[in-house]
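Asker: Here you go, this is start_23.txt (compact mmCIF, C-alpha atoms).
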# COMPACT_ATOMS: atom_id res chain seq x y z
CA MET A 1 84.37 95.35 95.79
CA SER A 2 83.62 92.27 97.89
CA TYR A 3 82.50 92.85 101.47
CA GLU A 4 85.56 90.99 102.80
CA LEU A 5 87.93 93.45 101.05
CA PHE A 6 85.80 96.47 102.02
CA ILE A 7 85.65 95.55 105.71
CA GLY A 8 89.30 94.41 105.82
CA LEU A 9 90.45 97.81 104.52
CA ARG A 10 88.09 99.67 106.87
CA TYR A 11 89.55 97.82 109.87
CA LEU A 12 92.97 99.31 109.07
CA LYS A 13 91.53 102.70 110.06
CA ALA A 14 90.67 103.01 113.72
CA LYS A 15 87.90 105.07 115.24
CA ARG A 16 88.84 107.86 117.61
CA LYS A 17 88.31 105.69 120.68
CA GLN A 18 90.42 102.91 119.06
CA THR A 19 93.55 104.99 118.31
CA PHE A 20 95.74 102.33 119.94
CA ILE A 21 94.77 99.83 117.22
CA SER A 22 95.87 102.33 114.57
CA ILE A 23 99.24 102.84 116.29
CA ILE A 24 100.09 99.14 116.47
CA THR A 25 99.04 98.75 112.82
CA PHE A 26 101.55 101.48 111.93
CA ILE A 27 104.22 99.77 114.06
CA SER A 28 103.57 96.48 112.23
CA ILE A 29 104.05 98.20 108.86
CA LEU A 30 107.21 99.88 110.16
CA GLY A 31 108.61 96.55 111.37
CA ALA A 32 108.11 94.89 107.98
CA MET A 33 109.63 97.93 106.24
CA VAL A 34 112.76 97.97 108.44
CA GLY A 35 113.29 94.22 108.02
CA VAL A 36 113.06 94.32 104.22
CA THR A 37 115.24 97.46 104.00
CA ALA A 38 117.94 95.91 106.19
CA LEU A 39 117.90 92.67 104.17
CA ILE A 40 118.29 94.47 100.83
CA VAL A 41 121.07 96.80 101.99
CA VAL A 42 123.14 94.17 103.79
CA LEU A 43 122.82 91.48 101.10
CA SER A 44 123.57 94.06 98.37
CA VAL A 45 126.77 94.96 100.22
CA MET A 46 127.68 91.29 100.68
CA THR A 47 127.04 90.53 97.00
CA GLY A 48 129.02 93.61 95.97
CA PHE A 49 131.89 92.64 98.25
CA GLU A 50 132.02 89.13 96.77
CA ASP A 51 131.94 90.42 93.17
CA ASP A 52 134.52 93.13 93.89
CA LEU A 53 136.84 90.62 95.54
CA ARG A 54 136.40 88.17 92.65
CA GLU A 55 137.13 90.90 90.11
CA LYS A 56 140.30 91.99 91.90
CA ILE A 57 141.57 88.45 92.40
CA LEU A 58 140.95 87.56 88.75
CA GLY A 59 142.52 90.86 87.70
CA VAL A 60 145.85 89.68 89.11
CA ASN A 61 145.49 85.92 88.73
CA ALA A 62 144.31 83.98 85.70
CA HIS A 63 141.18 81.83 85.63
CA LEU A 64 143.22 78.63 85.35
CA VAL A 65 146.82 77.70 86.05
CA VAL A 66 148.56 74.78 84.33
CA MET A 67 151.57 73.38 86.19
CA GLU A 68 153.88 70.40 85.77
CA LEU A 69 154.45 67.76 88.42
CA GLY A 70 157.85 68.33 89.93
CA ARG A 71 159.78 71.59 89.79
CA GLY A 72 159.36 73.94 86.85
CA MET A 73 157.80 73.54 83.41
CA LYS A 74 160.31 73.06 80.60
CA ASP A 75 158.03 72.91 77.57
CA TYR A 76 155.96 75.93 78.60
CA LYS A 77 155.79 77.33 75.06
CA GLY A 78 154.41 74.09 73.66
CA VAL A 79 151.91 73.75 76.51
CA ALA A 80 150.71 77.33 75.97
CA GLU A 81 150.12 76.67 72.26
CA LYS A 82 148.13 73.52 73.00
CA VAL A 83 146.03 75.30 75.60
CA LYS A 84 145.20 78.15 73.20
CA LYS A 85 143.68 75.65 70.76
CA VAL A 86 141.11 74.43 73.33
CA GLU A 87 137.65 75.83 72.62
CA GLY A 88 136.61 78.44 75.18
CA VAL A 89 140.16 79.62 75.93
CA ILE A 90 140.84 83.34 75.36
CA GLY A 91 144.57 83.39 76.10
CA ALA A 92 147.48 81.53 77.70
CA SER A 93 150.78 82.93 78.93
CA PRO A 94 153.74 81.46 80.89
CA PHE A 95 154.75 82.89 84.27
CA ILE A 96 157.39 82.55 86.98
CA TYR A 97 156.55 82.90 90.66
CA ASN A 98 159.18 83.51 93.33
CA GLN A 99 160.01 85.56 96.40
CA ALA A 100 162.56 88.34 96.78
CA MET A 101 163.26 91.65 98.50
CA LEU A 102 163.35 95.19 97.15
CA SER A 103 165.96 97.50 98.61
CA THR A 104 166.43 101.27 98.33
CA GLU A 105 167.97 103.95 100.53
CA SER A 106 164.54 104.32 102.18
CA GLY A 107 164.25 100.71 103.31
CA VAL A 108 163.62 97.08 102.40
CA VAL A 109 160.34 95.26 101.67
CA GLY A 110 159.61 91.63 100.93
CA VAL A 111 157.76 91.01 97.66
CA VAL A 112 156.46 88.26 95.42
CA ILE A 113 158.18 88.55 92.05
CA ARG A 114 156.19 87.40 89.05
CA GLY A 115 157.94 86.95 85.76
CA LEU A 116 155.57 87.40 82.83
CA ASP A 117 155.45 87.42 79.07
CA VAL A 118 155.22 91.15 78.35
CA ASP A 119 153.45 90.67 75.01
CA GLY A 120 150.92 88.13 76.26
CA VAL A 121 150.13 89.34 79.79
CA GLY A 122 147.16 91.41 78.58
CA GLU A 123 145.47 88.21 77.36
CA VAL A 124 145.28 86.63 80.81
CA THR A 125 145.35 89.42 83.45
CA ALA A 126 144.22 93.02 83.85
CA LEU A 127 147.73 94.33 84.67
CA PRO A 128 148.05 96.65 81.61
CA LYS A 129 144.77 98.37 82.60
CA ARG A 130 145.89 98.81 86.22
CA ILE A 131 149.09 100.75 85.48
CA LYS A 132 148.68 104.16 87.13
CA SER A 133 151.99 105.67 86.05
CA GLY A 134 154.71 104.52 83.66
CA GLY A 135 154.11 101.41 81.59
CA LEU A 136 155.18 97.86 80.75
CA GLU A 137 157.55 98.78 77.91
CA GLY A 138 160.53 98.95 80.24
CA LEU A 139 160.08 95.24 81.11
CA LYS A 140 161.35 94.36 77.64
CA ASN A 141 164.83 95.43 78.76
CA SER A 142 165.80 92.06 80.19
CA LEU A 143 168.42 91.28 82.81
CA GLN A 144 171.75 90.15 81.38
CA ASP A 145 173.99 87.44 82.79
CA LYS A 146 176.76 90.02 83.08
CA TYR A 147 176.52 93.77 83.58
CA ILE A 148 177.09 95.67 80.34
CA GLU A 149 177.44 99.42 80.75
CA ASP A 150 175.75 100.53 77.53
CA LEU A 151 172.63 98.35 77.97
CA PRO A 152 169.62 99.85 79.84
CA LEU A 153 168.67 98.39 83.19
CA PRO A 154 165.90 95.74 83.22
CA GLY A 155 162.46 97.08 84.14
CA ILE A 156 160.25 96.23 87.09
CA VAL A 157 156.64 97.20 87.85
CA VAL A 158 155.69 97.56 91.53
CA GLY A 159 152.49 98.12 93.49
CA LYS A 160 151.29 101.51 94.67
CA GLU A 161 151.82 100.70 98.37
CA ILE A 162 155.37 99.46 97.71
CA ALA A 163 156.16 102.69 95.85
CA LYS A 164 154.72 104.70 98.73
CA ASN A 165 156.66 102.78 101.40
CA LEU A 166 159.97 103.01 99.55
CA GLY A 167 159.43 106.52 98.17
CA ILE A 168 160.06 105.50 94.56
CA ALA A 169 158.59 106.53 91.21
CA PRO A 170 159.00 105.50 87.54
CA GLY A 171 162.60 106.08 86.51
CA ASP A 172 164.08 105.33 89.97
CA GLU A 173 166.34 102.35 90.57
CA VAL A 174 165.97 99.54 93.12
CA ASN A 175 167.99 96.50 94.16
CA VAL A 176 166.24 93.14 93.88
CA ILE A 177 167.65 90.58 96.33
CA SER A 178 167.01 86.85 96.18
CA PRO A 179 167.31 85.07 99.56
CA SER A 180 168.18 81.77 97.83
CA GLY A 181 171.55 82.97 96.64
CA THR A 182 174.67 81.36 95.24
CA MET A 183 176.50 78.83 97.39
CA THR A 184 180.16 79.73 98.09
CA PRO A 185 182.86 78.16 100.31
CA SER A 186 181.94 80.70 103.00
CA GLY A 187 178.20 79.99 102.73
CA PRO A 188 175.25 81.18 100.63
CA VAL A 189 175.50 84.66 99.18
CA PRO A 190 172.24 86.42 98.17
CA ARG A 191 171.92 87.34 94.51
CA ILE A 192 171.46 91.05 93.86
CA ALA A 193 170.44 92.77 90.63
CA ARG A 194 169.74 96.40 89.78
CA PHE A 195 166.33 97.17 88.25
CA LYS A 196 164.68 100.35 87.04
CA ILE A 197 161.08 101.21 87.99
CA SER A 198 159.12 100.95 84.75
CA GLY A 199 155.62 101.49 86.15
CA ILE A 200 153.38 101.50 89.21
CA PHE A 201 150.14 99.52 89.32
CA GLU A 202 147.09 99.68 91.58
CA PHE A 203 144.63 96.78 91.81
CA GLY A 204 142.79 98.36 94.74
CA MET A 205 143.57 95.37 96.96
CA TYR A 206 146.11 96.14 99.67
CA GLU A 207 147.49 92.60 99.73
CA TYR A 208 148.54 92.83 96.07
CA ASP A 209 149.52 96.51 95.97
CA SER A 210 151.86 96.10 98.95
CA SER A 211 153.57 92.79 98.16
CA MET A 212 153.74 92.15 94.41
CA ALA A 213 156.15 93.16 91.63
CA PHE A 214 156.39 92.15 87.97
CA ILE A 215 159.42 91.63 85.72
CA SER A 216 159.84 89.97 82.34
CA ILE A 217 160.00 86.17 82.24
CA GLU A 218 163.49 86.38 80.68
CA SER A 219 164.74 88.53 83.59
CA ALA A 220 163.16 86.15 86.10
CA ASN A 221 164.81 83.14 84.46
CA ARG A 222 168.27 84.70 84.69
CA PHE A 223 167.85 86.20 88.16
CA PHE A 224 166.49 83.06 89.82
CA ARG A 225 168.81 80.76 87.80
CA MET A 226 165.90 78.71 86.48
CA GLY A 227 167.26 78.14 82.99
CA ASP A 228 164.66 77.96 80.24
CA THR A 229 161.77 76.92 82.51
CA ALA A 230 158.63 78.51 83.91
CA THR A 231 156.53 77.95 87.01
CA GLY A 232 153.46 77.32 84.86
CA VAL A 233 151.03 78.69 82.28
CA GLU A 234 148.20 81.10 83.13
CA VAL A 235 144.96 80.63 81.20
CA LYS A 236 142.00 82.96 80.66
CA ILE A 237 138.63 81.52 79.61
CA LYS A 238 135.35 83.00 78.34
CA ASP A 239 133.10 81.87 81.20
CA ILE A 240 134.69 81.88 84.66
CA TYR A 241 131.88 79.70 86.04
CA GLN A 242 132.80 76.92 83.59
CA ALA A 243 136.30 76.71 85.06
CA GLU A 244 135.95 73.10 86.26
CA LYS A 245 134.72 71.91 82.87
CA MET A 246 137.46 73.85 81.05
CA ALA A 247 140.10 72.43 83.38
CA LYS A 248 139.12 68.89 82.34
CA SER A 249 139.20 69.84 78.65
CA ILE A 250 142.66 71.40 78.98
CA GLN A 251 143.93 68.44 81.01
CA LYS A 252 142.78 66.12 78.23
CA ALA A 253 144.36 68.30 75.52
CA ILE A 254 147.84 68.60 77.06
CA GLY A 255 148.09 65.15 78.71
CA GLY A 256 151.46 64.31 80.26
CA PHE A 257 152.50 65.04 83.83
CA TYR A 258 150.50 68.24 84.16
CA TYR A 259 147.69 69.35 86.44
CA VAL A 260 145.24 72.25 86.17
CA ARG A 261 144.02 74.40 89.05
CA THR A 262 141.01 76.71 88.79
CA TRP A 263 140.49 80.10 90.42
CA MET A 264 137.80 78.45 92.55
CA ASP A 265 140.29 75.88 93.86
CA MET A 266 142.93 78.50 94.61
CA ASN A 267 140.48 80.73 96.54
CA LYS A 268 138.04 78.09 97.82
CA ASN A 269 138.36 78.94 101.52
CA LEU A 270 137.84 82.67 100.94
CA PHE A 271 134.72 82.37 98.77
CA SER A 272 133.28 79.56 100.90
CA ALA A 273 133.59 81.82 103.94
CA LEU A 274 131.87 84.64 102.07
CA LYS A 275 128.99 82.37 101.01
CA LEU A 276 128.59 81.12 104.58
CA GLU A 277 128.64 84.66 105.95
CA GLN A 278 126.07 85.77 103.37
CA ALA A 279 123.76 82.89 104.29
CA ALA A 280 124.18 83.63 108.00
CA MET A 281 123.40 87.32 107.49
CA PHE A 282 120.28 86.40 105.49
CA ILE A 283 119.00 84.15 108.29
CA ILE A 284 119.78 86.70 111.02
CA LEU A 285 118.12 89.57 109.17
CA LEU A 286 115.17 87.39 108.22
CA LEU A 287 114.46 87.23 111.96
CA ILE A 288 113.68 90.96 111.78
CA VAL A 289 110.95 90.19 109.23
CA ILE A 290 109.70 87.37 111.47
CA VAL A 291 109.51 89.82 114.40
CA ALA A 292 107.48 92.10 112.14
CA ALA A 293 105.22 89.12 111.39
CA LEU A 294 104.70 88.62 115.13
CA ASN A 295 103.62 92.26 115.27
CA ILE A 296 101.05 91.50 112.57
CA ILE A 297 99.78 88.52 114.59
CA SER A 298 99.43 90.63 117.73
CA THR A 299 97.72 93.42 115.77
CA LEU A 300 95.18 91.06 114.24
CA ILE A 301 94.48 89.33 117.57
CA MET A 302 93.72 92.70 119.15
CA VAL A 303 91.51 93.68 116.21
CA VAL A 304 89.63 90.37 116.49
CA MET A 305 89.07 90.99 120.21
CA GLU A 306 87.97 94.56 119.52
CA LYS A 307 85.67 93.62 116.66
CA GLY A 308 83.90 90.69 118.37
CA LYS A 309 80.50 92.38 118.14
CA ASP A 310 81.04 93.19 114.44
CA ILE A 311 81.98 89.57 113.71
CA ALA A 312 78.86 88.34 115.52
CA ILE A 313 76.60 90.72 113.56
CA LEU A 314 78.20 89.70 110.26
CA LYS A 315 77.68 86.02 111.06
CA SER A 316 74.07 86.61 112.09
CA MET A 317 73.53 88.36 108.74
CA GLY A 318 74.79 85.30 106.88
CA ALA A 319 78.56 85.77 106.61
CA THR A 320 80.37 82.44 106.42
CA ALA A 321 83.36 81.39 108.51
CA GLY A 322 85.49 81.55 105.33
CA GLY A 323 84.33 85.12 104.68
CA ILE A 324 85.25 86.22 108.23
CA MET A 325 88.63 84.54 107.85
CA ARG A 326 89.28 86.34 104.55
CA ILE A 327 88.54 89.73 106.15
CA PHE A 328 91.41 89.40 108.62
CA MET A 329 93.73 87.71 106.15
CA ILE A 330 93.23 90.68 103.81
CA GLU A 331 93.96 93.10 106.65
CA GLY A 332 97.19 91.30 107.57
CA LEU A 333 98.27 90.97 103.93
CA VAL A 334 97.71 94.69 103.30
CA ILE A 335 99.99 95.47 106.27
CA GLY A 336 102.63 93.07 104.87
CA VAL A 337 102.34 94.42 101.30
CA ILE A 338 102.60 98.06 102.38
CA GLY A 339 105.58 97.35 104.69
CA THR A 340 107.35 95.21 102.07
CA THR A 341 106.79 97.75 99.26
CA ILE A 342 108.10 100.69 101.31
CA GLY A 343 110.99 98.49 102.49
CA ILE A 344 111.97 97.59 98.92
CA PHE A 345 112.00 101.23 97.84
CA GLY A 346 113.90 102.19 100.99
CA GLY A 347 116.46 99.41 100.56
CA VAL A 348 117.05 100.18 96.87
CA PHE A 349 117.33 103.91 97.63
CA LEU A 350 119.84 103.43 100.47
CA SER A 351 121.87 100.96 98.38
CA ALA A 352 121.94 103.38 95.44
CA MET A 353 123.09 106.24 97.71
CA LEU A 354 125.77 104.03 99.26
CA LYS A 355 126.99 103.00 95.82
CA LYS A 356 127.02 106.53 94.40
CA TYR A 357 128.44 108.57 97.27
CA GLN A 358 130.49 105.85 99.08
CA PHE A 359 130.13 107.69 102.41
CA ILE A 360 131.30 104.66 104.46
CA LYS A 361 135.10 104.38 104.31
CA LEU A 362 137.12 101.31 105.32
CA PRO A 363 140.82 100.88 106.16
CA GLY A 364 142.28 99.22 103.05
CA ASP A 365 144.98 97.29 104.92
CA VAL A 366 142.28 95.51 106.97
CA TYR A 367 139.40 94.96 104.54
CA THR A 368 141.35 94.97 101.21
CA ILE A 369 138.92 97.64 99.92
CA ALA A 370 138.55 101.37 100.62
CA THR A 371 134.74 101.65 100.48
CA LEU A 372 131.72 99.38 100.76
CA PRO A 373 130.97 97.86 97.34
CA VAL A 374 127.28 97.53 96.48
CA LYS A 375 125.60 95.35 93.88
CA MET A 376 121.82 95.17 93.73
CA ASP A 377 120.68 91.81 92.40
CA PRO A 378 117.07 91.95 91.05
CA PHE A 379 116.63 88.22 91.70
CA LEU A 380 117.76 88.62 95.32
CA ILE A 381 115.43 91.60 95.87
CA THR A 382 112.54 89.60 94.40
CA MET A 383 113.31 86.67 96.71
CA ILE A 384 113.36 89.01 99.74
CA ALA A 385 109.98 90.48 98.72
CA VAL A 386 108.46 87.02 98.21
CA ALA A 387 109.83 85.77 101.56
CA SER A 388 108.45 88.83 103.37
CA LEU A 389 104.99 88.44 101.80
CA CYS A 390 104.90 84.70 102.56
CA ILE A 391 105.79 85.32 106.20
CA SER A 392 103.14 88.07 106.39
CA PHE A 393 100.56 85.72 104.91
CA LEU A 394 101.40 82.94 107.37
CA ALA A 395 101.10 85.46 110.22
CA THR A 396 97.46 86.13 109.31
CA LEU A 397 96.30 82.51 109.46
CA TYR A 398 95.97 81.98 113.22
CA PRO A 399 94.13 85.25 114.10
CA ALA A 400 91.85 84.88 111.06
CA TRP A 401 91.09 81.27 112.01
CA GLN A 402 90.24 82.32 115.58
CA ALA A 403 87.92 85.03 114.23
CA SER A 404 86.14 82.54 111.96
CA LYS A 405 85.47 80.20 114.95
CA MET A 406 83.84 82.93 117.06
CA ASP A 407 80.29 82.07 118.21
CA PRO A 408 77.93 85.02 117.48
CA VAL A 409 75.65 84.09 120.43
CA GLU A 410 78.52 84.28 122.93
CA ALA A 411 79.80 87.53 121.37
CA LEU A 412 76.37 89.25 121.60
CA ARG A 413 75.26 87.87 124.97
CA TYR A 414 76.66 90.72 127.03
CA GLU A 415 76.19 93.52 124.47
What's the structure tokens form of this structure?

Answerer:
Amino acid sequence: MSYELFIGLRYLKAKRKQTFISIITFISILGAMVGVTALIVVLSVMTGFEDDLREKILGVNAHLVVMELGRGMKDYKGVAEKVKKVEGVIGASPFIYNQAMLSTESGVVGVVIRGLDVDGVGEVTALPKRIKSGGLEGLKNSLQDKYIEDLPLPGIVVGKEIAKNLGIAPGDEVNVISPSGTMTPSGPVPRIARFKISGIFEFGMYEYDSSMAFISIESANRFFRMGDTATGVEVKIKDIYQAEKMAKSIQKAIGGFYYVRTWMDMNKNLFSALKLEQAAMFIILLLIVIVAALNIISTLIMVVMEKGKDIAILKSMGATAGGIMRIFMIEGLVIGVIGTTIGIFGGVFLSAMLKKYQFIKLPGDVYTIATLPVKMDPFLITMIAVASLCISFLATLYPAWQASKMDPVEALRYE
């Protein structure tokens, strides 16, 4: 062991009359530990929240949406077939998007009605996996232009919160009301159709579970008087982060008066805000680590003042200025390494407990989620550790430099 390492480690332990030095060394380690722990926990929650939100949004909405300039897409079947042939596309399915109201004896709620291809919806969204009771089979009973007594009612799938608010379950019947009704001599009359609850879904996002309902695309066409048209075509791709590139490929393949929107475009403001918030939290919490680094500086300065005689003796015995500097750099780095290591273990442990037991509950109607999601990113944890060690290293430079400049004659004059 080199003398610099030996002396640097010995200086971490204080003599009985120097107990104060030992206490501030412990406080410096504690500061680094708290800063690293806070960074890991908070950024793990932020990363988990972003991933959870992305998963829920892409569970309801497709990765890409192809729409036609103007109102409605007439050749939606042909467009879907062309899109499916593009390399990297998993599935494509037409959809209709419109607003309506659901009415029962218990009350009325406004909803977004989405008409979908029952056979192809599983290729582009996670709806079939999110059905909590009932199923999608009832959607195949389409709405007829005229009521026929022997035919079963068309099916509709509603969100969990809608079912709770209206007190309905699979097998119950609801009235679907379209505000844009039929024009008559006495004014517009809302269109009303009777539907049967086929299933209840839960995406875990209050916004969707409380305001969305699904029917078949045939029922939507007849109810909203759209003829044989669709709002657009939903597309699912292999790599969601290649959405921009895939959008250009699809645009080139279909040509015509069409445009393609990606999930990033449709949720740009939300994810941009999350990224900004994550960056802001990182900077704010990094200040905790910087405060811990200031503790290291103050600790080393006090040690240098306390060990003036030792430094003078070492220099008189032949120790170089670089050797003296390395002694105090080693001492500061050991404090930083110990604090960072304990902080990493503490942060990972707390994040794991938070992920497993979910002991922090959130109101779903405010935060769109019921509990704090946690995702520990090894790269992010590594970056936090590296940043903490770099800051600790920089904190040692000034006190170590001051120690190396000390004149042994002046230090020993009054001893």

Asker: Which polymer residues have any atom within 9 Å of an atom of A:Tyr97, counting all atoms listed in the file, with same-chain residues fewer than 4 positions away left out, as a ChimeraX atom specification?

Answerer: /A:112-115,220,230-232

Asker: At a cut-off of 8 Å, can you tabulate as a tab-separated table every residue of stretch 6-66 of chain A near stretch 338-342 of chain A together with its closest atom pair and the distance in Å to one decimal, using all atoms listed in the file and ordering rows by chain then number?

Answerer:
residue	atom	partner	partner_atom	distance
A:Ser28	CA	A:Gly339	CA	7.9
A:Ile29	CA	A:Gly339	CA	4.5
A:Leu30	CA	A:Gly339	CA	6.2
A:Gly31	CA	A:Gly339	CA	7.4
A:Ala32	CA	A:Gly339	CA	4.8
A:Met33	CA	A:Gly339	CA	4.4
A:Val36	CA	A:Thr340	CA	6.2

Asker: Go ahead and save the residues from that selection, with C-alpha atoms, as a compact mmCIF listing (two decimals), in the frame of the given file.

Answerer:
# COMPACT_ATOMS: atom_id res chain seq x y z
CA SER A 28 103.57 96.48 112.23
CA ILE A 29 104.05 98.20 108.86
CA LEU A 30 107.21 99.88 110.16
CA GLY A 31 108.61 96.55 111.37
CA ALA A 32 108.11 94.89 107.98
CA MET A 33 109.63 97.93 106.24
CA VAL A 36 113.06 94.32 104.22

Asker: With distances taken over only C-alpha atoms, which residue among A:Ser404, A:Ser103, A:Asn267, A:Thr396 lies nearest A:Ser298?

Answerer: A:Thr396

Asker: Which of these residues is nearest to A:Ile335, using only C-alpha atoms: A:Val235, A:Ser178, A:Val109, A:Ala293?

Answerer: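 Comparing A:Val235, A:Ser178, A:Val109, A:Ala293 against A:Ile335, the winner is A:Ala293.
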
Asker: Pick out the residues sitting within 12 Å of A:Gly336, and hand them over as a ChimeraX atom specification; count only C-alpha atoms, and ignore anything fewer than 3 positions along from it in its own chain.

Answerer: /A:25-36,289-290,292-297,299,329-333,339-344,385-396
